[in-house]
$ cat start-v3.cif   # mmCIF, C-alpha atoms
data_structure
loop_
_atom_site.label_atom_id
_atom_site.label_comp_id
_atom_site.auth_asym_id
_atom_site.auth_seq_id
_atom_site.Cartn_x
_atom_site.Cartn_y
_atom_site.Cartn_z
CA MET U 1 1.90 45.55 -0.74
CA LYS U 2 -0.56 42.67 -0.97
CA LYS U 3 -2.73 41.88 -3.95
CA THR U 4 -5.09 39.14 -5.02
CA ASN U 5 -6.30 40.05 -8.46
CA ILE U 6 -4.70 41.66 -11.49
CA ASN U 7 -6.27 41.36 -14.95
CA ASN U 8 -9.09 39.32 -13.36
CA ARG U 9 -6.70 36.67 -12.03
CA ASP U 10 -7.02 35.26 -8.56
CA TYR U 11 -3.46 34.53 -7.48
CA GLY U 12 -4.68 32.38 -4.61
CA LEU U 13 -6.28 29.99 -7.09
CA ASP U 14 -3.14 30.07 -9.21
CA MET U 15 -1.15 29.06 -6.13
CA MET U 16 -3.61 26.23 -5.53
CA ARG U 17 -3.07 25.05 -9.12
CA ILE U 18 0.67 24.90 -8.49
CA LEU U 19 0.08 22.96 -5.27
CA MET U 20 -2.27 20.51 -7.02
CA THR U 21 0.38 19.95 -9.70
CA LEU U 22 2.90 19.12 -6.98
CA PHE U 23 0.31 16.81 -5.40
CA VAL U 24 -0.15 14.95 -8.70
CA ILE U 25 3.60 14.44 -9.01
CA ALA U 26 3.74 13.29 -5.38
CA ILE U 27 0.99 10.70 -6.01
CA HIS U 28 2.98 9.29 -8.91
CA ILE U 29 6.22 9.16 -6.92
CA LEU U 30 4.43 7.15 -4.24
CA ASN U 31 2.63 4.78 -6.61
CA LYS U 32 4.24 4.51 -10.04
CA GLY U 33 7.62 5.46 -8.59
CA GLY U 34 7.36 2.67 -6.03
CA ALA U 35 8.03 4.72 -2.88
CA TYR U 36 4.77 3.74 -1.18
CA SER U 37 5.13 -0.03 -1.60
CA ALA U 38 8.81 0.18 -0.60
CA CYS U 39 7.89 1.82 2.69
CA TYR U 40 5.41 -0.93 3.48
CA ALA U 41 7.83 -3.68 2.47
CA ASP U 42 10.33 -2.16 4.92
CA GLU U 43 8.06 -3.28 7.81
CA ASN U 44 8.79 -0.11 9.76
CA MET U 45 5.48 1.01 11.24
CA PHE U 46 6.55 4.63 11.60
CA LYS U 47 7.80 4.81 8.01
CA SER U 48 4.74 3.08 6.55
CA GLY U 49 2.55 5.39 8.63
CA LEU U 50 4.32 8.42 7.17
CA ALA U 51 3.86 7.05 3.65
CA LEU U 52 0.15 6.52 4.32
CA GLU U 53 -0.24 10.03 5.72
CA LEU U 54 1.53 11.50 2.69
CA GLU U 55 -0.63 9.41 0.37
CA PHE U 56 -3.79 10.87 1.90
CA ALA U 57 -2.34 14.38 2.03
CA VAL U 58 -1.95 14.55 -1.76
CA SER U 59 -4.94 12.46 -2.88
CA CYS U 60 -7.18 15.47 -3.55
CA ALA U 61 -5.11 16.75 -6.49
CA VAL U 62 -7.54 15.83 -9.28
CA ASN U 63 -10.57 16.97 -7.28
CA GLY U 64 -8.82 20.27 -6.62
CA PHE U 65 -8.18 20.87 -10.31
CA ALA U 66 -11.79 20.06 -11.20
CA LEU U 67 -13.17 22.38 -8.51
CA ILE U 68 -10.96 25.22 -9.75
CA SER U 69 -12.17 24.59 -13.31
CA GLY U 70 -15.75 25.09 -12.18
CA TYR U 71 -14.99 28.01 -9.89
CA VAL U 72 -13.21 29.90 -12.67
CA GLY U 73 -15.12 28.51 -15.65
CA CYS U 74 -18.57 29.66 -14.51
CA ARG U 75 -17.49 33.29 -15.02
CA SER U 76 -15.29 32.75 -18.08
CA LYS U 77 -16.24 33.03 -21.72
CA PHE U 78 -16.55 29.63 -23.39
CA LYS U 79 -13.83 29.39 -26.05
CA ILE U 80 -13.16 26.48 -28.39
CA SER U 81 -9.60 27.77 -28.75
CA ARG U 82 -8.90 26.70 -25.16
CA ILE U 83 -9.49 23.01 -25.84
CA LEU U 84 -7.69 23.25 -29.19
CA TRP U 85 -4.54 24.54 -27.46
CA LEU U 86 -4.79 21.77 -24.89
CA TYR U 87 -5.14 19.22 -27.70
CA PHE U 88 -2.15 20.72 -29.50
CA THR U 89 -0.04 20.57 -26.33
CA VAL U 90 -0.91 16.96 -25.57
CA SER U 91 -0.29 15.87 -29.16
CA LEU U 92 3.00 17.75 -29.35
CA TYR U 93 4.41 16.17 -26.20
CA ASN U 94 3.08 12.75 -27.18
CA ALA U 95 5.09 13.10 -30.38
CA VAL U 96 8.28 14.77 -29.14
CA ILE U 97 8.91 12.91 -25.87
CA PRO U 98 8.77 9.38 -27.40
CA LEU U 99 11.24 10.53 -30.08
CA VAL U 100 13.65 11.78 -27.41
CA PHE U 101 13.41 8.51 -25.48
CA HIS U 102 13.74 6.55 -28.72
CA PHE U 103 17.17 8.06 -29.40
CA LEU U 104 18.30 8.10 -25.76
CA ARG U 105 16.95 4.79 -24.47
CA GLY U 106 15.64 2.85 -27.44
CA TYR U 107 11.95 3.47 -26.76
CA THR U 108 9.95 1.71 -29.47
CA ILE U 109 7.98 3.94 -31.82
CA ASP U 110 5.08 1.79 -33.00
CA LYS U 111 1.62 2.39 -34.40
CA VAL U 112 0.07 3.00 -30.98
CA VAL U 113 2.67 5.68 -30.12
CA ILE U 114 1.88 7.49 -33.36
CA LEU U 115 -1.86 7.25 -32.80
CA ARG U 116 -1.46 8.55 -29.24
CA ALA U 117 0.08 11.69 -30.71
CA ILE U 118 -2.72 12.13 -33.25
CA LEU U 119 -5.69 10.96 -31.15
CA PRO U 120 -4.53 11.09 -27.51
CA PHE U 121 -8.07 10.73 -26.16
CA ALA U 122 -8.64 7.43 -27.96
CA TYR U 123 -5.47 5.51 -27.14
CA ASP U 124 -5.14 5.50 -23.37
CA ALA U 125 -2.95 8.58 -23.14
CA ASN U 126 -3.29 11.28 -20.45
CA TRP U 127 -6.55 10.22 -18.83
CA TYR U 128 -7.22 13.64 -17.28
CA PHE U 129 -7.10 15.36 -20.66
CA THR U 130 -9.39 12.68 -22.09
CA ALA U 131 -11.88 13.17 -19.25
CA TYR U 132 -11.66 16.95 -19.51
CA LEU U 133 -12.19 16.79 -23.28
CA GLY U 134 -15.31 14.70 -22.68
CA MET U 135 -16.59 17.28 -20.21
CA PHE U 136 -15.51 20.44 -21.99
CA PHE U 137 -18.43 20.82 -24.38
CA LEU U 138 -20.90 20.41 -21.51
CA ILE U 139 -19.48 23.49 -19.75
CA PRO U 140 -21.85 26.12 -21.26
CA PHE U 141 -24.85 23.99 -20.36
CA MET U 142 -23.60 23.41 -16.81
CA ASN U 143 -22.89 27.11 -16.39
CA LEU U 144 -26.38 27.99 -17.57
CA GLY U 145 -27.93 25.45 -15.20
CA ILE U 146 -26.00 26.78 -12.20
CA LYS U 147 -27.13 30.34 -12.98
CA TYR U 148 -30.73 29.26 -13.56
CA LEU U 149 -31.14 27.52 -10.19
CA ASP U 150 -31.58 29.64 -7.09
CA LYS U 151 -29.29 29.06 -4.12
CA LYS U 152 -31.65 26.73 -2.25
CA GLN U 153 -32.30 24.57 -5.33
CA CYS U 154 -28.59 24.42 -6.09
CA ILE U 155 -27.66 23.31 -2.57
CA THR U 156 -30.39 20.65 -2.62
CA ALA U 157 -29.24 19.32 -6.00
CA ILE U 158 -25.56 19.22 -4.97
CA ALA U 159 -26.41 17.47 -1.69
CA ALA U 160 -28.32 14.80 -3.63
CA ILE U 161 -25.44 14.40 -6.10
CA MET U 162 -22.91 14.00 -3.28
CA ILE U 163 -25.03 11.38 -1.53
CA LEU U 164 -25.61 9.43 -4.74
CA PHE U 165 -22.15 9.65 -6.27
CA SER U 166 -19.93 9.92 -3.19
CA VAL U 167 -21.45 8.79 0.11
CA ILE U 168 -23.29 5.69 -1.11
CA PRO U 169 -20.43 4.34 -3.29
CA THR U 170 -17.93 4.93 -0.46
CA LEU U 171 -20.07 3.17 2.15
CA LEU U 172 -20.63 0.23 -0.19
CA TYR U 173 -16.89 0.09 -0.93
CA MET U 174 -16.16 0.12 2.80
CA PHE U 175 -18.61 -2.46 4.05
CA VAL U 176 -20.08 -4.45 1.12
CA THR U 177 -17.18 -5.85 -0.88
CA GLU U 178 -18.82 -9.05 -2.06
CA SER U 179 -20.28 -8.72 -5.57
CA TYR U 180 -19.93 -4.93 -5.32
CA ASP U 181 -19.61 -3.04 -8.62
CA TYR U 182 -16.55 -0.84 -8.07
CA ASN U 183 -17.52 1.15 -11.15
CA ILE U 184 -20.91 2.07 -9.72
CA PHE U 185 -22.70 4.76 -11.79
CA LYS U 186 -19.78 4.36 -14.25
CA ILE U 187 -17.66 7.03 -12.58
CA SER U 188 -14.62 4.73 -12.78
CA ALA U 189 -13.38 5.67 -9.29
CA GLY U 190 -13.24 9.29 -10.49
CA TYR U 191 -11.31 8.67 -13.71
CA SER U 192 -14.15 9.86 -15.93
CA PRO U 193 -15.73 12.92 -17.56
CA LEU U 194 -18.80 12.40 -15.35
CA TRP U 195 -16.79 12.84 -12.14
CA LEU U 196 -15.01 15.94 -13.46
CA ALA U 197 -18.41 17.36 -14.45
CA ILE U 198 -19.77 16.75 -10.94
CA LEU U 199 -16.89 18.59 -9.33
CA TYR U 200 -17.07 21.33 -11.95
CA ILE U 201 -20.68 21.90 -10.90
CA VAL U 202 -19.68 22.02 -7.22
CA GLY U 203 -16.90 24.53 -7.89
CA ALA U 204 -19.17 26.67 -10.06
CA ALA U 205 -21.93 26.63 -7.44
CA ILE U 206 -19.52 27.68 -4.69
CA ARG U 207 -18.71 30.82 -6.67
CA GLU U 208 -22.00 31.56 -8.40
CA HIS U 209 -24.09 31.26 -5.22
CA ASP U 210 -21.36 32.46 -2.86
CA LEU U 211 -21.42 29.27 -0.81
CA PHE U 212 -19.30 29.03 2.35
CA ARG U 213 -18.59 32.77 2.20
CA LYS U 214 -19.10 33.10 5.96
CA VAL U 215 -16.71 30.23 6.67
CA PRO U 216 -13.37 31.61 7.93
CA ARG U 217 -10.49 30.98 5.56
CA ILE U 218 -8.53 29.09 8.19
CA MET U 219 -11.41 26.62 8.53
CA GLY U 220 -10.76 25.48 4.97
CA LEU U 221 -7.21 24.54 5.92
CA ILE U 222 -8.44 22.84 9.10
CA VAL U 223 -10.94 20.78 7.08
CA TYR U 224 -8.14 19.69 4.75
CA LEU U 225 -5.86 18.66 7.63
CA LEU U 226 -8.60 16.87 9.59
CA SER U 227 -9.76 14.95 6.50
CA THR U 228 -6.18 13.86 5.86
CA ILE U 229 -5.58 12.74 9.44
CA ILE U 230 -8.94 10.96 9.78
CA GLY U 231 -8.54 9.12 6.47
CA ALA U 232 -5.00 7.98 7.18
CA SER U 233 -5.89 7.00 10.76
CA ILE U 234 -8.81 4.80 9.74
CA ALA U 235 -6.84 3.26 6.86
CA SER U 236 -3.91 2.48 9.17
CA LEU U 237 -6.12 0.19 11.24
CA GLY U 238 -6.43 -2.06 8.22
CA THR U 239 -9.39 -4.07 9.46
CA ILE U 240 -12.22 -1.56 9.19
CA CYS U 241 -12.26 -1.05 5.43
CA PRO U 242 -9.98 -1.03 2.38
CA GLU U 243 -7.69 1.98 2.11
CA GLU U 244 -8.87 2.54 -1.49
CA ALA U 245 -12.40 3.22 -0.23
CA LEU U 246 -11.16 6.24 1.70
CA ASP U 247 -8.66 7.83 -0.68
CA THR U 248 -10.44 7.28 -3.99
CA TYR U 249 -11.50 10.48 -5.76
CA TYR U 250 -15.18 10.13 -4.87
CA SER U 251 -14.48 9.59 -1.17
CA PRO U 252 -16.21 12.29 0.96
CA LEU U 253 -12.91 12.82 2.78
CA ILE U 254 -11.03 13.55 -0.44
CA ILE U 255 -13.81 15.84 -1.65
CA ALA U 256 -13.71 17.67 1.70
CA GLN U 257 -9.94 18.10 1.34
CA ALA U 258 -10.30 19.75 -2.07
CA ILE U 259 -13.17 22.02 -1.02
CA GLY U 260 -11.25 23.01 2.12
CA LEU U 261 -8.22 24.02 0.05
CA LEU U 262 -10.43 25.94 -2.39
CA LEU U 263 -11.96 27.92 0.47
CA PHE U 264 -8.51 28.61 1.88
CA PHE U 265 -6.83 29.71 -1.37
CA ARG U 266 -9.60 31.65 -3.13
CA GLU U 267 -8.89 35.40 -3.06
CA LEU U 268 -5.88 34.77 -0.83
CA LYS U 269 -3.86 37.94 -0.32
CA MET U 270 -0.15 37.58 -1.00
CA PRO U 271 2.88 39.89 -1.25
CA GLY U 272 3.65 41.25 -4.69
CA PHE U 273 6.82 39.21 -5.17
CA VAL U 274 4.90 35.99 -4.38
CA CYS U 275 2.28 36.94 -6.98
CA LYS U 276 5.04 37.34 -9.56
CA ILE U 277 6.41 33.88 -8.78
CA VAL U 278 2.92 32.38 -8.94
CA ASP U 279 2.21 34.21 -12.20
CA PHE U 280 5.38 32.70 -13.67
CA LEU U 281 4.70 29.12 -12.54
CA ALA U 282 0.93 28.71 -12.87
CA PRO U 283 0.65 28.70 -16.70
CA HIS U 284 2.87 25.60 -16.79
CA SER U 285 0.66 23.48 -14.50
CA PHE U 286 -1.18 21.50 -17.17
CA ASN U 287 1.93 20.99 -19.28
CA ILE U 288 3.92 19.70 -16.30
CA TYR U 289 1.21 17.10 -15.74
CA ILE U 290 1.32 16.08 -19.41
CA ILE U 291 5.12 15.85 -19.55
CA HIS U 292 5.68 13.68 -16.49
CA THR U 293 2.80 11.29 -17.31
CA GLN U 294 3.68 10.86 -20.98
CA ASP U 295 3.93 7.12 -21.66
CA ALA U 296 7.66 7.05 -22.45
CA VAL U 297 8.49 8.97 -19.26
CA TRP U 298 5.99 6.86 -17.32
CA ILE U 299 7.51 3.52 -18.37
CA MET U 300 11.19 4.22 -18.96
CA TRP U 301 11.95 6.85 -16.32
CA LEU U 302 9.37 7.01 -13.52
CA ALA U 303 8.36 3.36 -13.03
CA GLY U 304 9.97 2.03 -9.85
CA ARG U 305 12.50 4.86 -9.80
CA TYR U 306 12.05 5.69 -6.10
CA SER U 307 11.55 2.20 -4.72
CA SER U 308 15.14 1.53 -3.61
CA ARG U 309 15.63 5.14 -2.50
CA ALA U 310 12.57 4.99 -0.26
CA SER U 311 13.61 1.61 1.09
CA GLU U 312 17.12 2.79 1.98
CA CYS U 313 15.98 6.13 3.41
CA SER U 314 15.50 6.47 7.18
CA PRO U 315 11.96 7.18 8.43
CA LEU U 316 12.84 10.69 9.57
CA LEU U 317 14.43 11.58 6.23
CA PHE U 318 11.69 10.02 4.09
CA PRO U 319 9.36 13.09 4.07
CA ILE U 320 12.32 15.31 3.14
CA MET U 321 13.30 12.94 0.32
CA PHE U 322 9.67 12.82 -0.80
CA VAL U 323 9.37 16.62 -1.01
CA PHE U 324 12.77 16.95 -2.69
CA TYR U 325 11.95 14.54 -5.50
CA THR U 326 8.48 16.03 -5.96
CA VAL U 327 9.90 19.52 -6.38
CA SER U 328 12.74 18.18 -8.57
CA ILE U 329 10.34 16.57 -11.06
CA TYR U 330 8.27 19.76 -11.08
CA GLY U 331 11.42 21.79 -11.84
CA LEU U 332 12.62 19.44 -14.59
CA CYS U 333 9.23 19.47 -16.31
CA LEU U 334 9.10 23.25 -15.98
CA ILE U 335 12.43 23.54 -17.79
CA VAL U 336 11.24 21.15 -20.51
CA ASP U 337 8.10 23.25 -21.01
CA MET U 338 9.92 26.57 -21.31
CA PRO U 339 10.65 26.37 -25.08
CA LEU U 340 6.98 25.76 -25.93
CA TYR U 341 5.71 28.45 -23.57
CA TYR U 342 8.08 31.14 -24.81
CA SER U 343 7.61 30.12 -28.43
CA ILE U 344 3.90 30.79 -28.01
CA LYS U 345 4.64 34.16 -26.39
CA PHE U 346 6.96 35.01 -29.27
CA PHE U 347 4.29 33.90 -31.75
CA ASN U 348 1.78 36.13 -29.99
CA ARG U 349 4.03 39.20 -30.19
CA ILE U 350 4.49 38.70 -33.93
CA PHE U 351 0.77 38.42 -34.64
CA ARG U 352 -0.49 40.81 -31.97
CA LYS U 353 -1.37 43.45 -34.53
CA SER U 354 -3.58 40.97 -36.38
CA GLY U 355 -5.58 40.31 -33.21
CA SER U 356 -4.12 36.90 -32.42
CA SER U 357 -3.89 36.03 -28.69
CA ALA U 358 -2.00 32.75 -28.46
CA ALA U 359 -0.22 33.66 -25.24
CA GLN U 360 -3.50 34.62 -23.61
CA THR U 361 -4.90 31.26 -24.64
CA GLN U 362 -1.81 29.61 -23.19
CA LYS U 363 -2.53 31.30 -19.85
CA GLU U 364 -6.18 30.30 -20.02
CA LYS U 365 -5.11 26.65 -20.11
CA ILE U 366 -4.37 26.80 -16.40
CA ASN U 367 -8.13 26.93 -15.79
CA VAL U 368 -8.14 23.20 -16.54
#
$ encode --input "start-v3.cif" --output "structure tokens"
Amino acid sequence: MKKTNINNRDYGLDMMRILMTLFVIAIHILNKGGAYSACYADENMFKSGLALELEFAVSCAVNGFALISGYVGCRSKFKISRILWLYFTVSLYNAVIPLVFHFLRGYTIDKVVILRAILPFAYDANWYFTAYLGMFFLIPFMNLGIKYLDKKQCITAIAAIMILFSVIPTLLYMFVTESYDYNIFKISAGYSPLWLAILYIVGAAIREHDLFRKVPRIMGLIVYLLSTIIGASIASLGTICPEEALDTYYSPLIIAQAIGLLLFFRELKMPGFVCKIVDFLAPHSFNIYIIHTQDAVWIMWLAGRYSSRASECSPLLFPIMFVFYTVSIYGLCLIVDMPLYYSIKFFNRIFRKSGSSAAQTQKEKINV
């Protein structure tokens, strides 16, 4: 038996959330973990080419999350409780994880660490949460605007936005490096509430106006693969343009990757047992991101961890090693998140008669 939607949940989108979480972890293994630079230092063209291909393959993670937020959020009720639970989660892990590393590895608990737990958005902690928090209260206005515009107006507006915020900055980054403002339009290479809002609008428009409905599902996957191959191929030449111009979040190629995956995964039919697995994993997506990017983990555990392993690994085994460590970090963070998740479910059962719905709110967090 195949199913796509139970209790108004699209299991295809939930699967995409899981994949985007794995992509985020993979990005951090390559960069913060040192695997990418180690492959290039090895001076093996095949190995460095694989690392570059993998880098491009996972670069759409943030864009994918933002598109899903818009696709789901345009039909969801706006609830302040959603952002409050996110805030609680970020603050909790920013308090607990440093304490654990303090006792295990001597991580210093100073004023900044304490303030990151209290005001995570103000002290350079968890940039995606900070950007999402900045965008969150614009959601009802964006949803209203998407519904107000007709399909033709919406397509015209989105095309203009993509040209202004994606195509032009990318072309300038590629060919006009001298005196170029890399923070053009203050989108901070995509690390900003403005960029998340842009992609939220795109995701919402795709659903609200039924865009790309006639595009075959398999074409979405083809677009993703072609964008990955084209980006990595051009970047491998090295002389045409900087690699960062092609795999930054506002790059048209990276946007195309994320849209392609959204078109492939939305309303994807899956066997019942797969839906159960997805239903189990998806609610942990945001928390897994928070756990593995928490500052103590970032500095004392992840930094440079995979540099020597990538350097010593043979080119043919490198992709296998890469996938293994990505899945391993996902699994470890999942285990760490279990106590919080099941505590909330237990809390919900106790107060169910009073109308509380903490567990439902916990599940709604995966719309981030």
$ closest_atom_pairs --input "start-v3.cif" --of "stretch 123-238 of chain U" --to "stretch 108-118 of chain U" --cutoff "9 Å" --atoms "only C-alpha atoms" --output "CSV"
residue,atom,partner,partner_atom,distance
U:Tyr123,CA,U:Arg116,CA,5.5
U:Asp124,CA,U:Arg116,CA,7.6
U:Ala125,CA,U:Arg116,CA,6.3
$ closest_residue --input "start-v3.cif" --among "U:Ile146, U:Glu208, U:Tyr250, U:Arg217" --to "U:Val167" --atoms "all atoms listed in the file"
U:Tyr250
$ residues_around --input "start-v3.cif" --residues "U:Ile259" --least-positions-apart "6" --cutoff "10 Å" --atoms "all atoms listed in the file" --output "list in words"
Cys60, Asn63, Gly64, Leu67, Ile68, Leu199, Val202, Gly203, Ile206, Phe212, Gly220, Leu221, Val223, Tyr224, Leu253 and Phe265 of chain U
$ closest_atom_pairs --input "start-v3.cif" --of "stretch 52-130 of chain U" --to "stretch 319-328 of chain U" --cutoff "12 Å" --atoms "all atoms listed in the file" --output "CSV"
residue,atom,partner,partner_atom,distance
U:Leu52,CA,U:Pro319,CA,11.3
U:Glu53,CA,U:Pro319,CA,10.2
U:Leu54,CA,U:Pro319,CA,8.1
U:Glu55,CA,U:Phe322,CA,10.9
U:Ala57,CA,U:Pro319,CA,11.9
U:Val58,CA,U:Thr326,CA,11.3
$ resolve_selection --input "start-v3.cif" --expression "the PyMOL selection byres ((chain U and resi 18-31) around 7)" --output "PyMOL selection string"
chain U and resi 14-17+32-36+55+58-59+61+64-65+282+285+289+306+326+330
$ build_atoms --input "start-v3.cif" --residues "stretch 301-321 of chain U" --atoms "N, CA, C and O atoms" --output "PDB file, keeping the file's coordinate frame"
ATOM      1  N   TRP U 301      11.249   5.981 -17.264  1.00  0.00           N
ATOM      2  CA  TRP U 301      11.950   6.850 -16.320  1.00  0.00           C
ATOM      3  C   TRP U 301      11.342   6.818 -14.922  1.00  0.00           C
ATOM      4  O   TRP U 301      12.047   6.685 -13.929  1.00  0.00           O
ATOM      5  N   LEU U 302       9.998   6.889 -14.831  1.00  0.00           N
ATOM      6  CA  LEU U 302       9.370   7.010 -13.520  1.00  0.00           C
ATOM      7  C   LEU U 302       9.111   5.675 -12.836  1.00  0.00           C
ATOM      8  O   LEU U 302       9.213   5.568 -11.605  1.00  0.00           O
ATOM      9  N   ALA U 303       8.775   4.645 -13.610  1.00  0.00           N
ATOM     10  CA  ALA U 303       8.360   3.360 -13.030  1.00  0.00           C
ATOM     11  C   ALA U 303       9.429   2.783 -12.101  1.00  0.00           C
ATOM     12  O   ALA U 303      10.553   2.494 -12.518  1.00  0.00           O
ATOM     13  N   GLY U 304       9.082   2.638 -10.829  1.00  0.00           N
ATOM     14  CA  GLY U 304       9.970   2.030  -9.850  1.00  0.00           C
ATOM     15  C   GLY U 304      11.197   2.842  -9.485  1.00  0.00           C
ATOM     16  O   GLY U 304      12.069   2.357  -8.760  1.00  0.00           O
ATOM     17  N   ARG U 305      11.280   4.065  -9.954  1.00  0.00           N
ATOM     18  CA  ARG U 305      12.500   4.860  -9.800  1.00  0.00           C
ATOM     19  C   ARG U 305      12.838   5.137  -8.326  1.00  0.00           C
ATOM     20  O   ARG U 305      14.008   5.219  -7.952  1.00  0.00           O
ATOM     21  N   TYR U 306      11.808   5.274  -7.487  1.00  0.00           N
ATOM     22  CA  TYR U 306      12.050   5.690  -6.100  1.00  0.00           C
ATOM     23  C   TYR U 306      11.877   4.545  -5.103  1.00  0.00           C
ATOM     24  O   TYR U 306      11.887   4.785  -3.896  1.00  0.00           O
ATOM     25  N   SER U 307      11.748   3.347  -5.601  1.00  0.00           N
ATOM     26  CA  SER U 307      11.550   2.200  -4.720  1.00  0.00           C
ATOM     27  C   SER U 307      12.758   1.959  -3.819  1.00  0.00           C
ATOM     28  O   SER U 307      12.648   1.904  -2.588  1.00  0.00           O
ATOM     29  N   SER U 308      13.940   1.807  -4.411  1.00  0.00           N
ATOM     30  CA  SER U 308      15.140   1.530  -3.610  1.00  0.00           C
ATOM     31  C   SER U 308      15.515   2.728  -2.754  1.00  0.00           C
ATOM     32  O   SER U 308      15.974   2.578  -1.617  1.00  0.00           O
ATOM     33  N   ARG U 309      15.294   3.936  -3.260  1.00  0.00           N
ATOM     34  CA  ARG U 309      15.630   5.140  -2.500  1.00  0.00           C
ATOM     35  C   ARG U 309      14.759   5.253  -1.249  1.00  0.00           C
ATOM     36  O   ARG U 309      15.242   5.620  -0.183  1.00  0.00           O
ATOM     37  N   ALA U 310      13.474   4.943  -1.412  1.00  0.00           N
ATOM     38  CA  ALA U 310      12.570   4.990  -0.260  1.00  0.00           C
ATOM     39  C   ALA U 310      12.910   3.893   0.734  1.00  0.00           C
ATOM     40  O   ALA U 310      12.822   4.086   1.948  1.00  0.00           O
ATOM     41  N   SER U 311      13.284   2.736   0.224  1.00  0.00           N
ATOM     42  CA  SER U 311      13.610   1.610   1.090  1.00  0.00           C
ATOM     43  C   SER U 311      14.863   1.881   1.918  1.00  0.00           C
ATOM     44  O   SER U 311      14.941   1.522   3.100  1.00  0.00           O
ATOM     45  N   GLU U 312      15.851   2.528   1.304  1.00  0.00           N
ATOM     46  CA  GLU U 312      17.120   2.790   1.980  1.00  0.00           C
ATOM     47  C   GLU U 312      17.068   4.030   2.881  1.00  0.00           C
ATOM     48  O   GLU U 312      17.917   4.207   3.748  1.00  0.00           O
ATOM     49  N   CYS U 313      16.076   4.871   2.671  1.00  0.00           N
ATOM     50  CA  CYS U 313      15.980   6.130   3.410  1.00  0.00           C
ATOM     51  C   CYS U 313      15.455   5.882   4.826  1.00  0.00           C
ATOM     52  O   CYS U 313      14.566   5.052   5.046  1.00  0.00           O
ATOM     53  N   SER U 314      15.977   6.595   5.802  1.00  0.00           N
ATOM     54  CA  SER U 314      15.500   6.470   7.180  1.00  0.00           C
ATOM     55  C   SER U 314      14.113   7.091   7.307  1.00  0.00           C
ATOM     56  O   SER U 314      13.757   7.986   6.525  1.00  0.00           O
ATOM     57  N   PRO U 315      13.312   6.640   8.262  1.00  0.00           N
ATOM     58  CA  PRO U 315      11.960   7.180   8.430  1.00  0.00           C
ATOM     59  C   PRO U 315      11.908   8.691   8.584  1.00  0.00           C
ATOM     60  O   PRO U 315      11.032   9.353   8.021  1.00  0.00           O
ATOM     61  N   LEU U 316      12.846   9.255   9.340  1.00  0.00           N
ATOM     62  CA  LEU U 316      12.840  10.690   9.570  1.00  0.00           C
ATOM     63  C   LEU U 316      13.199  11.486   8.324  1.00  0.00           C
ATOM     64  O   LEU U 316      12.738  12.616   8.140  1.00  0.00           O
ATOM     65  N   LEU U 317      14.019  10.895   7.457  1.00  0.00           N
ATOM     66  CA  LEU U 317      14.430  11.580   6.230  1.00  0.00           C
ATOM     67  C   LEU U 317      13.465  11.346   5.068  1.00  0.00           C
ATOM     68  O   LEU U 317      13.535  12.053   4.059  1.00  0.00           O
ATOM     69  N   PHE U 318      12.576  10.357   5.207  1.00  0.00           N
ATOM     70  CA  PHE U 318      11.690  10.020   4.090  1.00  0.00           C
ATOM     71  C   PHE U 318      10.825  11.192   3.640  1.00  0.00           C
ATOM     72  O   PHE U 318      10.735  11.462   2.430  1.00  0.00           O
ATOM     73  N   PRO U 319      10.159  11.942   4.543  1.00  0.00           N
ATOM     74  CA  PRO U 319       9.360  13.090   4.070  1.00  0.00           C
ATOM     75  C   PRO U 319      10.198  14.137   3.340  1.00  0.00           C
ATOM     76  O   PRO U 319       9.733  14.739   2.368  1.00  0.00           O
ATOM     77  N   ILE U 320      11.441  14.347   3.801  1.00  0.00           N
ATOM     78  CA  ILE U 320      12.320  15.310   3.140  1.00  0.00           C
ATOM     79  C   ILE U 320      12.676  14.821   1.739  1.00  0.00           C
ATOM     80  O   ILE U 320      12.643  15.583   0.764  1.00  0.00           O
ATOM     81  N   MET U 321      13.011  13.531   1.625  1.00  0.00           N
ATOM     82  CA  MET U 321      13.300  12.940   0.320  1.00  0.00           C
ATOM     83  C   MET U 321      12.085  13.060  -0.600  1.00  0.00           C
ATOM     84  O   MET U 321      12.216  13.405  -1.792  1.00  0.00           O
TER      85      MET U 321
END
